[in-house]
>>> print(open('protein-v3.pdb').read())   # PDB, C-alpha atoms, pLDDT in the B column
MODEL        1
ATOM      1  CA  MET A   1       0.000   0.000   0.000  1.00 80.00           C
ATOM      2  CA  PRO A   2       1.638   3.284  -1.078  1.00 95.00           C
ATOM      3  CA  ALA A   3       1.511   6.299   1.229  1.00 97.00           C
ATOM      4  CA  LEU A   4       1.582  10.079   1.167  1.00 98.00           C
ATOM      5  CA  LEU A   5       3.537  11.699   3.997  1.00 98.00           C
ATOM      6  CA  PHE A   6       2.626  15.322   4.735  1.00 98.00           C
ATOM      7  CA  GLY A   7       5.804  16.669   6.241  1.00 96.00           C
ATOM      8  CA  SER A   8       4.947  19.892   8.033  1.00 91.00           C
ATOM      9  CA  ILE A   9       2.075  22.005   9.310  1.00 93.00           C
ATOM     10  CA  SER A  10       2.214  24.347   6.322  1.00 93.00           C
ATOM     11  CA  THR A  11       1.854  21.529   3.796  1.00 96.00           C
ATOM     12  CA  VAL A  12      -1.674  21.137   5.173  1.00 96.00           C
ATOM     13  CA  ALA A  13      -2.560  24.781   5.917  1.00 96.00           C
ATOM     14  CA  ASP A  14      -0.315  27.760   5.244  1.00 93.00           C
ATOM     15  CA  THR A  15       0.434  29.045   8.721  1.00 93.00           C
ATOM     16  CA  SER A  16       3.717  30.743   7.843  1.00 91.00           C
ATOM     17  CA  GLU A  17       2.525  34.319   8.350  1.00 94.00           C
ATOM     18  CA  ILE A  18       0.719  33.332  11.557  1.00 94.00           C
ATOM     19  CA  GLN A  19       4.009  31.866  12.775  1.00 93.00           C
ATOM     20  CA  ARG A  20       5.846  35.107  11.957  1.00 95.00           C
ATOM     21  CA  GLU A  21       3.234  37.163  13.785  1.00 97.00           C
ATOM     22  CA  ALA A  22       3.575  34.865  16.799  1.00 96.00           C
ATOM     23  CA  PHE A  23       7.363  35.275  16.850  1.00 97.00           C
ATOM     24  CA  ASN A  24       7.068  39.062  16.781  1.00 97.00           C
ATOM     25  CA  ALA A  25       4.438  38.997  19.546  1.00 98.00           C
ATOM     26  CA  ALA A  26       6.754  36.861  21.690  1.00 97.00           C
ATOM     27  CA  PHE A  27       9.649  39.256  21.112  1.00 97.00           C
ATOM     28  CA  ARG A  28       7.533  42.170  22.328  1.00 97.00           C
ATOM     29  CA  GLU A  29       6.366  40.233  25.370  1.00 97.00           C
ATOM     30  CA  HIS A  30       9.959  39.434  26.340  1.00 97.00           C
ATOM     31  CA  GLY A  31      11.068  43.038  25.872  1.00 96.00           C
ATOM     32  CA  LEU A  32      13.196  42.304  22.820  1.00 96.00           C
ATOM     33  CA  ASP A  33      13.659  45.067  20.273  1.00 95.00           C
ATOM     34  CA  TRP A  34      13.400  42.580  17.429  1.00 96.00           C
ATOM     35  CA  HIS A  35      11.017  42.435  14.499  1.00 96.00           C
ATOM     36  CA  TRP A  36      11.155  39.863  11.719  1.00 96.00           C
ATOM     37  CA  ASP A  37       9.657  41.406   8.599  1.00 95.00           C
ATOM     38  CA  ARG A  38       8.568  39.152   5.795  1.00 94.00           C
ATOM     39  CA  ASP A  39      11.802  39.350   3.811  1.00 93.00           C
ATOM     40  CA  ALA A  40      13.905  38.533   6.875  1.00 92.00           C
ATOM     41  CA  TYR A  41      11.595  35.678   7.839  1.00 92.00           C
ATOM     42  CA  ARG A  42      11.783  34.166   4.370  1.00 90.00           C
ATOM     43  CA  GLU A  43      15.546  33.932   4.745  1.00 88.00           C
ATOM     44  CA  LEU A  44      15.275  32.456   8.238  1.00 87.00           C
ATOM     45  CA  LEU A  45      12.999  29.683   6.957  1.00 85.00           C
ATOM     46  CA  ALA A  46      15.893  28.260   4.948  1.00 79.00           C
ATOM     47  CA  SER A  47      16.887  26.488   8.197  1.00 72.00           C
ATOM     48  CA  SER A  48      14.807  24.358  10.536  1.00 68.00           C
ATOM     49  CA  GLY A  49      13.874  25.031  14.157  1.00 78.00           C
ATOM     50  CA  GLY A  50      12.210  28.094  15.651  1.00 85.00           C
ATOM     51  CA  GLU A  51      14.095  27.962  18.932  1.00 89.00           C
ATOM     52  CA  GLN A  52      17.385  27.757  17.066  1.00 89.00           C
ATOM     53  CA  ARG A  53      16.440  30.818  14.989  1.00 91.00           C
ATOM     54  CA  ILE A  54      15.846  32.760  18.205  1.00 95.00           C
ATOM     55  CA  ALA A  55      19.195  31.642  19.617  1.00 94.00           C
ATOM     56  CA  ASP A  56      20.911  32.635  16.371  1.00 92.00           C
ATOM     57  CA  GLN A  57      19.260  36.071  16.478  1.00 92.00           C
ATOM     58  CA  ALA A  58      20.446  36.595  20.059  1.00 94.00           C
ATOM     59  CA  ARG A  59      23.982  35.602  19.118  1.00 93.00           C
ATOM     60  CA  ALA A  60      23.977  37.925  16.107  1.00 91.00           C
ATOM     61  CA  SER A  61      22.737  40.868  18.197  1.00 92.00           C
ATOM     62  CA  GLY A  62      25.071  40.141  21.127  1.00 94.00           C
ATOM     63  CA  GLU A  63      22.230  39.639  23.603  1.00 94.00           C
ATOM     64  CA  THR A  64      21.671  37.040  26.313  1.00 93.00           C
ATOM     65  CA  VAL A  65      18.248  35.528  25.692  1.00 95.00           C
ATOM     66  CA  ASP A  66      16.421  32.495  27.059  1.00 97.00           C
ATOM     67  CA  ALA A  67      15.589  31.107  23.623  1.00 95.00           C
ATOM     68  CA  ALA A  68      13.515  28.262  25.053  1.00 94.00           C
ATOM     69  CA  ALA A  69      11.332  30.665  27.058  1.00 97.00           C
ATOM     70  CA  VAL A  70      10.826  32.996  24.100  1.00 97.00           C
ATOM     71  CA  HIS A  71       9.965  30.041  21.888  1.00 94.00           C
ATOM     72  CA  ALA A  72       7.471  28.753  24.454  1.00 94.00           C
ATOM     73  CA  THR A  73       5.751  32.146  24.401  1.00 97.00           C
ATOM     74  CA  LYS A  74       5.775  32.102  20.605  1.00 95.00           C
ATOM     75  CA  THR A  75       4.105  28.674  20.641  1.00 92.00           C
ATOM     76  CA  ALA A  76       1.384  29.903  22.981  1.00 94.00           C
ATOM     77  CA  ARG A  77       0.758  32.971  20.824  1.00 95.00           C
ATOM     78  CA  PHE A  78       0.706  30.811  17.674  1.00 93.00           C
ATOM     79  CA  GLN A  79      -1.965  28.549  19.116  1.00 92.00           C
ATOM     80  CA  GLN A  80      -4.009  31.567  20.214  1.00 93.00           C
ATOM     81  CA  LEU A  81      -3.796  33.115  16.743  1.00 93.00           C
ATOM     82  CA  LEU A  82      -4.744  29.814  15.120  1.00 90.00           C
ATOM     83  CA  ALA A  83      -7.859  29.620  17.274  1.00 87.00           C
ATOM     84  CA  GLU A  84      -8.836  33.100  16.069  1.00 89.00           C
ATOM     85  CA  ALA A  85      -8.000  32.548  12.388  1.00 88.00           C
ATOM     86  CA  GLN A  86     -10.357  31.174   9.765  1.00 86.00           C
ATOM     87  CA  LEU A  87      -7.828  28.629   8.590  1.00 92.00           C
ATOM     88  CA  ARG A  88      -8.492  26.465   5.544  1.00 94.00           C
ATOM     89  CA  PRO A  89      -6.440  23.663   4.006  1.00 96.00           C
ATOM     90  CA  ARG A  90      -4.183  24.632   1.122  1.00 96.00           C
ATOM     91  CA  THR A  91      -5.287  24.208  -2.490  1.00 93.00           C
ATOM     92  CA  GLY A  92      -5.956  20.566  -3.303  1.00 96.00           C
ATOM     93  CA  VAL A  93      -5.029  19.155   0.102  1.00 97.00           C
ATOM     94  CA  THR A  94      -8.485  17.945   1.141  1.00 97.00           C
ATOM     95  CA  GLU A  95      -9.224  16.488  -2.294  1.00 98.00           C
ATOM     96  CA  THR A  96      -5.798  14.829  -2.517  1.00 98.00           C
ATOM     97  CA  ILE A  97      -6.132  13.123   0.854  1.00 98.00           C
ATOM     98  CA  ARG A  98      -9.698  12.037   0.135  1.00 97.00           C
ATOM     99  CA  ASP A  99      -8.643  10.575  -3.237  1.00 98.00           C
ATOM    100  CA  ALA A 100      -5.592   8.916  -1.713  1.00 97.00           C
ATOM    101  CA  LYS A 101      -7.684   7.202   0.952  1.00 97.00           C
ATOM    102  CA  ALA A 102     -10.219   6.081  -1.665  1.00 97.00           C
ATOM    103  CA  SER A 103      -7.351   4.577  -3.687  1.00 96.00           C
ATOM    104  CA  GLY A 104      -6.031   2.590  -0.724  1.00 96.00           C
ATOM    105  CA  PHE A 105      -3.095   4.859   0.098  1.00 97.00           C
ATOM    106  CA  GLY A 106      -1.907   5.412   3.624  1.00 97.00           C
ATOM    107  CA  VAL A 107      -1.681   9.041   4.739  1.00 98.00           C
ATOM    108  CA  ALA A 108       0.582  10.373   7.500  1.00 98.00           C
ATOM    109  CA  PHE A 109       1.348  13.745   9.076  1.00 98.00           C
ATOM    110  CA  VAL A 110       5.101  13.693   9.713  1.00 97.00           C
ATOM    111  CA  THR A 111       6.189  16.786  11.636  1.00 95.00           C
ATOM    112  CA  THR A 112       8.795  17.565  14.258  1.00 93.00           C
ATOM    113  CA  THR A 113       6.934  20.486  15.756  1.00 90.00           C
ATOM    114  CA  SER A 114       5.243  20.242  19.147  1.00 89.00           C
ATOM    115  CA  ALA A 115       2.244  18.004  19.763  1.00 92.00           C
ATOM    116  CA  ALA A 116       0.278  21.070  20.860  1.00 89.00           C
ATOM    117  CA  ASN A 117       0.971  22.849  17.565  1.00 91.00           C
ATOM    118  CA  VAL A 118      -0.058  19.814  15.553  1.00 94.00           C
ATOM    119  CA  ALA A 119      -3.268  19.471  17.570  1.00 93.00           C
ATOM    120  CA  ALA A 120      -4.046  23.183  17.144  1.00 92.00           C
ATOM    121  CA  VAL A 121      -3.656  23.055  13.361  1.00 94.00           C
ATOM    122  CA  LEU A 122      -5.709  19.892  12.998  1.00 95.00           C
ATOM    123  CA  ALA A 123      -8.438  21.403  15.175  1.00 93.00           C
ATOM    124  CA  ALA A 124      -8.435  24.566  13.034  1.00 93.00           C
ATOM    125  CA  VAL A 125      -9.033  22.642   9.775  1.00 95.00           C
ATOM    126  CA  GLU A 126     -11.231  19.883  11.220  1.00 95.00           C
ATOM    127  CA  ALA A 127     -14.335  20.970   9.278  1.00 94.00           C
ATOM    128  CA  ASP A 128     -12.539  20.476   5.951  1.00 96.00           C
ATOM    129  CA  LEU A 129      -9.980  17.845   6.912  1.00 96.00           C
ATOM    130  CA  PRO A 130     -10.833  15.467   9.774  1.00 96.00           C
ATOM    131  CA  ALA A 131      -7.797  14.359  11.772  1.00 96.00           C
ATOM    132  CA  SER A 132      -9.069  10.779  11.465  1.00 96.00           C
ATOM    133  CA  TRP A 133      -8.058  10.823   7.789  1.00 97.00           C
ATOM    134  CA  PHE A 134      -4.415  10.552   8.883  1.00 98.00           C
ATOM    135  CA  ASP A 135      -3.312   6.993   9.640  1.00 97.00           C
ATOM    136  CA  VAL A 136      -0.255   8.243  11.529  1.00 97.00           C
ATOM    137  CA  VAL A 137       0.398  11.636  13.158  1.00 97.00           C
ATOM    138  CA  LEU A 138       3.917  12.368  14.398  1.00 96.00           C
ATOM    139  CA  ASP A 139       5.329  15.290  16.352  1.00 94.00           C
ATOM    140  CA  LEU A 140       8.536  16.205  18.150  1.00 92.00           C
ATOM    141  CA  SER A 141       7.812  13.838  21.039  1.00 93.00           C
ATOM    142  CA  HIS A 142       8.095  10.814  18.735  1.00 92.00           C
ATOM    143  CA  VAL A 143      11.643  11.428  17.504  1.00 93.00           C
ATOM    144  CA  GLU A 144      15.125  11.662  18.944  1.00 93.00           C
ATOM    145  CA  HIS A 145      16.423  13.956  16.201  1.00 94.00           C
ATOM    146  CA  PRO A 146      14.232  16.658  14.597  1.00 91.00           C
ATOM    147  CA  LYS A 147      14.397  17.630  10.947  1.00 93.00           C
ATOM    148  CA  PRO A 148      16.505  18.015   8.851  1.00 93.00           C
ATOM    149  CA  ASP A 149      17.424  14.589  10.240  1.00 95.00           C
ATOM    150  CA  GLY A 150      15.311  11.851   8.655  1.00 96.00           C
ATOM    151  CA  ASP A 151      14.316  10.269  11.997  1.00 97.00           C
ATOM    152  CA  ALA A 152      10.647  11.320  11.668  1.00 97.00           C
ATOM    153  CA  TYR A 153      10.341   9.721   8.245  1.00 97.00           C
ATOM    154  CA  ARG A 154      11.965   6.503   9.361  1.00 97.00           C
ATOM    155  CA  HIS A 155       9.524   6.415  12.283  1.00 96.00           C
ATOM    156  CA  ALA A 156       6.588   6.987   9.924  1.00 96.00           C
ATOM    157  CA  LEU A 157       7.700   4.192   7.602  1.00 96.00           C
ATOM    158  CA  ARG A 158       7.860   1.790  10.548  1.00 95.00           C
ATOM    159  CA  ALA A 159       4.465   2.901  11.845  1.00 95.00           C
ATOM    160  CA  LEU A 160       2.838   2.493   8.434  1.00 95.00           C
ATOM    161  CA  GLY A 161       4.702  -0.711   7.671  1.00 94.00           C
ATOM    162  CA  GLU A 162       5.499   0.598   4.197  1.00 91.00           C
ATOM    163  CA  PRO A 163       8.653   0.214   2.073  1.00 93.00           C
ATOM    164  CA  VAL A 164      10.417   3.486   1.403  1.00 96.00           C
ATOM    165  CA  GLU A 165      10.065   3.204  -2.381  1.00 95.00           C
ATOM    166  CA  GLN A 166       6.255   3.221  -2.061  1.00 95.00           C
ATOM    167  CA  CYS A 167       6.108   6.487  -0.104  1.00 97.00           C
ATOM    168  CA  LEU A 168       6.082  10.119  -1.193  1.00 98.00           C
ATOM    169  CA  ALA A 169       6.784  13.009   1.175  1.00 98.00           C
ATOM    170  CA  ILE A 170       5.252  16.454   0.706  1.00 98.00           C
ATOM    171  CA  GLU A 171       7.346  19.261   2.196  1.00 97.00           C
ATOM    172  CA  ASP A 172       7.197  23.050   2.152  1.00 95.00           C
ATOM    173  CA  ASN A 173      10.741  23.908   3.279  1.00 92.00           C
ATOM    174  CA  VAL A 174      14.324  22.992   2.482  1.00 93.00           C
ATOM    175  CA  GLY A 175      14.947  21.327   5.863  1.00 92.00           C
ATOM    176  CA  GLY A 176      11.951  19.090   5.364  1.00 94.00           C
ATOM    177  CA  VAL A 177      13.122  18.066   1.892  1.00 96.00           C
ATOM    178  CA  ALA A 178      16.527  17.256   3.396  1.00 96.00           C
ATOM    179  CA  ALA A 179      14.851  15.116   6.070  1.00 96.00           C
ATOM    180  CA  ALA A 180      12.972  13.120   3.453  1.00 97.00           C
ATOM    181  CA  ALA A 181      16.156  12.653   1.438  1.00 97.00           C
ATOM    182  CA  ASP A 182      18.009  11.515   4.568  1.00 97.00           C
ATOM    183  CA  ALA A 183      15.431   8.731   4.959  1.00 97.00           C
ATOM    184  CA  GLY A 184      15.518   7.865   1.258  1.00 97.00           C
ATOM    185  CA  VAL A 185      11.943   9.060   0.628  1.00 98.00           C
ATOM    186  CA  ARG A 186      10.930  10.732  -2.631  1.00 98.00           C
ATOM    187  CA  CYS A 187       9.690  14.245  -1.998  1.00 98.00           C
ATOM    188  CA  ALA A 188       7.375  16.710  -3.719  1.00 98.00           C
ATOM    189  CA  ALA A 189       8.179  20.252  -2.622  1.00 97.00           C
ATOM    190  CA  PHE A 190       4.996  22.264  -2.022  1.00 97.00           C
ATOM    191  CA  PRO A 191       6.363  25.697  -1.024  1.00 95.00           C
ATOM    192  CA  ASN A 192       4.279  27.988   1.140  1.00 91.00           C
ATOM    193  CA  ALA A 193       3.930  31.744   0.632  1.00 87.00           C
ATOM    194  CA  ASN A 194       7.220  32.411   2.440  1.00 91.00           C
ATOM    195  CA  THR A 195       9.355  29.562   1.049  1.00 92.00           C
ATOM    196  CA  ALA A 196       8.452  29.835  -2.634  1.00 90.00           C
ATOM    197  CA  GLY A 197      11.827  31.351  -3.510  1.00 88.00           C
ATOM    198  CA  HIS A 198      13.936  28.705  -1.780  1.00 91.00           C
ATOM    199  CA  ASP A 199      16.171  26.156  -3.508  1.00 93.00           C
ATOM    200  CA  PHE A 200      14.218  22.913  -3.890  1.00 96.00           C
ATOM    201  CA  THR A 201      16.516  21.219  -6.373  1.00 95.00           C
ATOM    202  CA  ALA A 202      16.873  18.267  -3.966  1.00 95.00           C
ATOM    203  CA  ALA A 203      13.159  17.472  -4.307  1.00 97.00           C
ATOM    204  CA  THR A 204      11.779  14.975  -6.798  1.00 97.00           C
ATOM    205  CA  ALA A 205       9.360  17.636  -8.064  1.00 97.00           C
ATOM    206  CA  VAL A 206       8.097  21.103  -7.132  1.00 97.00           C
ATOM    207  CA  VAL A 207       4.341  21.782  -7.211  1.00 96.00           C
ATOM    208  CA  ASP A 208       2.211  24.861  -6.525  1.00 91.00           C
ATOM    209  CA  HIS A 209      -0.949  22.881  -5.773  1.00 92.00           C
ATOM    210  CA  LEU A 210      -1.760  19.302  -4.903  1.00 96.00           C
ATOM    211  CA  ALA A 211      -3.534  16.789  -7.123  1.00 97.00           C
ATOM    212  CA  PHE A 212      -3.570  13.102  -6.272  1.00 97.00           C
ATOM    213  CA  ASP A 213      -2.940  11.818  -9.808  1.00 97.00           C
ATOM    214  CA  ASP A 214       0.104  14.099 -10.201  1.00 96.00           C
ATOM    215  CA  LEU A 215       1.565  12.878  -6.916  1.00 97.00           C
ATOM    216  CA  ARG A 216       0.875   9.220  -7.670  1.00 96.00           C
ATOM    217  CA  ALA A 217       2.772   9.633 -10.972  1.00 96.00           C
ATOM    218  CA  LEU A 218       5.929  10.419  -8.953  1.00 97.00           C
ATOM    219  CA  LEU A 219       5.904   6.926  -7.438  1.00 96.00           C
ATOM    220  CA  PRO A 220       7.182   3.845  -9.280  1.00 91.00           C
ATOM    221  CA  ALA A 221       4.578   1.992 -11.327  1.00 80.00           C
TER     222      ALA A 221
ENDMDL
END
>>> encode(input="protein-v3.pdb", output="structure tokens")
Amino acid sequence: MPALLFGSISTVADTSEIQREAFNAAFREHGLDWHWDRDAYRELLASSGGEQRIADQARASGETVDAAAVHATKTARFQQLLAEAQLRPRTGVTETIRDAKASGFGVAFVTTTSAANVAAVLAAVEADLPASWFDVVLDLSHVEHPKPDGDAYRHALRALGEPVEQCLAIEDNVGGVAAAADAGVRCAAFPNANTAGHDFTAATAVVDHLAFDDLRALLPA
């Protein structure tokens, strides 16, 4: 049974700008004179890990910052903003998952963000995309090494019981594509609004919308 592996929150619903807003709100709350505008944030998304981005910013500005505490505040603000937003799945996501399930494919959500973030996103899109449609849902608590390490994908393959050659990852950022490659999984890059200009040459294909037949064609016959 082949499987589609959705590799991050923003492959399901584009939360990138909500994330940026949450970072900036956390900076204000912690008294930091920082503001990530959209251009700066696009560059920061070339690497994985929000807490690491905060630590890197502190190092670059010569400040002593509790990156974990700031990131925890950012996570809380992100979940609050999600609850207030009218979030919808990205173009083709609901139809692709529905068609995949009807065709006997497994479907997994393979993230290394927090369990609370995953739950908040799934709750926000529940009307269009029931969480029960995912056979496996992974978060940071399930892995020893977050992306760009391929640990999450290897875990998903074991949980699904699927051979790697029958699985296709869908990722919206360079670190996610690298994680899929590290696990030997083919990957369709599905950039979000803030990662569209990134280098996805390591992906099997780059798409601007999802369609089940197009994704299935990327798997071996």
>>> closest_residue(input="protein-v3.pdb", among="A:Pro163, A:Gly184, A:Gly150, A:Gly50", to="Gly106 of chain A", atoms="only C-alpha atoms")
A:Pro163
>>> residues_near_point(input="protein-v3.pdb", point="(12.5, 16.9, 6.6)", cutoff="10 Å", atoms="all atoms listed in the file", output="NGL selection string")
:A and (7-8 or 48 or 110-112 or 146-153 or 169-183 or 185 or 187)
>>> closest_residue(input="protein-v3.pdb", among="A:Leu5, A:Ala196, A:Leu218, A:Val93", to="Pro130 of chain A", atoms="all atoms listed in the file")
A:Val93
>>> closest_residue(input="protein-v3.pdb", among="A:Gln80, A:Thr195, A:Thr11, A:Gln52", to="Ala67 of chain A", atoms="all atoms listed in the file")
A:Gln52
>>> closest_residue(input="protein-v3.pdb", among="A:Thr64, A:Gln19, A:Thr204, A:Gln86", to="Phe190 of chain A", atoms="all atoms listed in the file")
A:Thr204
>>> closest_residue(input="protein-v3.pdb", among="A:Lys101, A:His142, A:Arg88, A:Arg59", to="Ala123 of chain A", atoms="all atoms listed in the file")
A:Arg88
>>> closest_residue(input="protein-v3.pdb", among="A:Leu45, A:Ile97, A:His198, A:Arg90", to="Ala13 of chain A", atoms="all atoms listed in the file")
A:Arg90
>>> resolve_selection(input="protein-v3.pdb", expression="the PyMOL selection byres ((chain A and resi 14) around 9)", output="PyMOL selection string")
chain A and resi 9-13+15-18+87-90+192-193
>>> atom_distance(input="protein-v3.pdb", atom1="atom CA of Leu44 of chain A", atom2="atom CA of Val206 of chain A")
20.4 Å
>>> build_atoms(input="protein-v3.pdb", residues="segment 196-206 of chain A", atoms="all heavy atoms", output="mmCIF file, in the coordinates of the input")
data_model
loop_
_atom_site.group_PDB
_atom_site.id
_atom_site.type_symbol
_atom_site.label_atom_id
_atom_site.label_comp_id
_atom_site.auth_asym_id
_atom_site.auth_seq_id
_atom_site.Cartn_x
_atom_site.Cartn_y
_atom_site.Cartn_z
ATOM 1 N N ALA A 196 8.549 30.052 -1.188
ATOM 2 C CA ALA A 196 8.452 29.835 -2.634
ATOM 3 C C ALA A 196 9.756 30.134 -3.369
ATOM 4 O O ALA A 196 10.015 29.561 -4.424
ATOM 5 C CB ALA A 196 7.312 30.664 -3.208
ATOM 6 N N GLY A 197 10.586 31.008 -2.832
ATOM 7 C CA GLY A 197 11.827 31.351 -3.510
ATOM 8 C C GLY A 197 13.025 30.516 -3.100
ATOM 9 O O GLY A 197 14.147 30.780 -3.548
ATOM 10 N N HIS A 198 12.817 29.498 -2.274
ATOM 11 C CA HIS A 198 13.936 28.705 -1.780
ATOM 12 C C HIS A 198 14.393 27.668 -2.811
ATOM 13 O O HIS A 198 13.696 27.380 -3.786
ATOM 14 C CB HIS A 198 13.544 28.029 -0.468
ATOM 15 C CG HIS A 198 13.403 28.992 0.672
ATOM 16 N ND1 HIS A 198 13.140 28.587 1.967
ATOM 17 C CD2 HIS A 198 13.488 30.349 0.737
ATOM 18 C CE1 HIS A 198 13.064 29.645 2.755
ATOM 19 N NE2 HIS A 198 13.271 30.726 2.035
ATOM 20 N N ASP A 199 15.558 27.101 -2.573
ATOM 21 C CA ASP A 199 16.171 26.156 -3.508
ATOM 22 C C ASP A 199 15.669 24.741 -3.224
ATOM 23 O O ASP A 199 16.095 24.106 -2.258
ATOM 24 C CB ASP A 199 17.698 26.220 -3.368
ATOM 25 C CG ASP A 199 18.417 25.286 -4.336
ATOM 26 O OD1 ASP A 199 17.741 24.600 -5.136
ATOM 27 O OD2 ASP A 199 19.658 25.230 -4.278
ATOM 28 N N PHE A 200 14.789 24.241 -4.076
ATOM 29 C CA PHE A 200 14.218 22.913 -3.890
ATOM 30 C C PHE A 200 14.740 21.912 -4.920
ATOM 31 O O PHE A 200 14.038 20.955 -5.271
ATOM 32 C CB PHE A 200 12.689 22.987 -3.956
ATOM 33 C CG PHE A 200 12.054 23.652 -2.764
ATOM 34 C CD1 PHE A 200 11.538 24.934 -2.864
ATOM 35 C CD2 PHE A 200 11.986 23.004 -1.541
ATOM 36 C CE1 PHE A 200 10.951 25.549 -1.771
ATOM 37 C CE2 PHE A 200 11.412 23.608 -0.437
ATOM 38 C CZ PHE A 200 10.887 24.882 -0.554
ATOM 39 N N THR A 201 15.968 22.122 -5.369
ATOM 40 C CA THR A 201 16.516 21.219 -6.373
ATOM 41 C C THR A 201 16.698 19.801 -5.848
ATOM 42 O O THR A 201 16.770 18.851 -6.636
ATOM 43 C CB THR A 201 17.873 21.744 -6.890
ATOM 44 O OG1 THR A 201 18.745 21.985 -5.769
ATOM 45 C CG2 THR A 201 17.697 23.029 -7.675
ATOM 46 N N ALA A 202 16.727 19.616 -4.536
ATOM 47 C CA ALA A 202 16.873 18.267 -3.966
ATOM 48 C C ALA A 202 15.564 17.490 -3.985
ATOM 49 O O ALA A 202 15.566 16.279 -3.736
ATOM 50 C CB ALA A 202 17.401 18.364 -2.534
ATOM 51 N N ALA A 203 14.456 18.150 -4.279
ATOM 52 C CA ALA A 203 13.159 17.472 -4.307
ATOM 53 C C ALA A 203 12.971 16.721 -5.624
ATOM 54 O O ALA A 203 13.571 17.057 -6.652
ATOM 55 C CB ALA A 203 12.034 18.489 -4.125
ATOM 56 N N THR A 204 12.108 15.723 -5.591
ATOM 57 C CA THR A 204 11.779 14.975 -6.798
ATOM 58 C C THR A 204 11.017 15.852 -7.781
ATOM 59 O O THR A 204 11.185 15.748 -8.999
ATOM 60 C CB THR A 204 10.918 13.747 -6.439
ATOM 61 O OG1 THR A 204 11.587 12.978 -5.429
ATOM 62 C CG2 THR A 204 10.648 12.872 -7.641
ATOM 63 N N ALA A 205 10.146 16.712 -7.251
ATOM 64 C CA ALA A 205 9.360 17.636 -8.064
ATOM 65 C C ALA A 205 8.969 18.820 -7.201
ATOM 66 O O ALA A 205 9.002 18.737 -5.969
ATOM 67 C CB ALA A 205 8.113 16.940 -8.615
ATOM 68 N N VAL A 206 8.605 19.929 -7.839
ATOM 69 C CA VAL A 206 8.097 21.103 -7.132
ATOM 70 C C VAL A 206 6.703 21.391 -7.684
ATOM 71 O O VAL A 206 6.519 21.467 -8.902
ATOM 72 C CB VAL A 206 9.003 22.330 -7.328
ATOM 73 C CG1 VAL A 206 8.458 23.528 -6.567
ATOM 74 C CG2 VAL A 206 10.429 22.020 -6.879
#
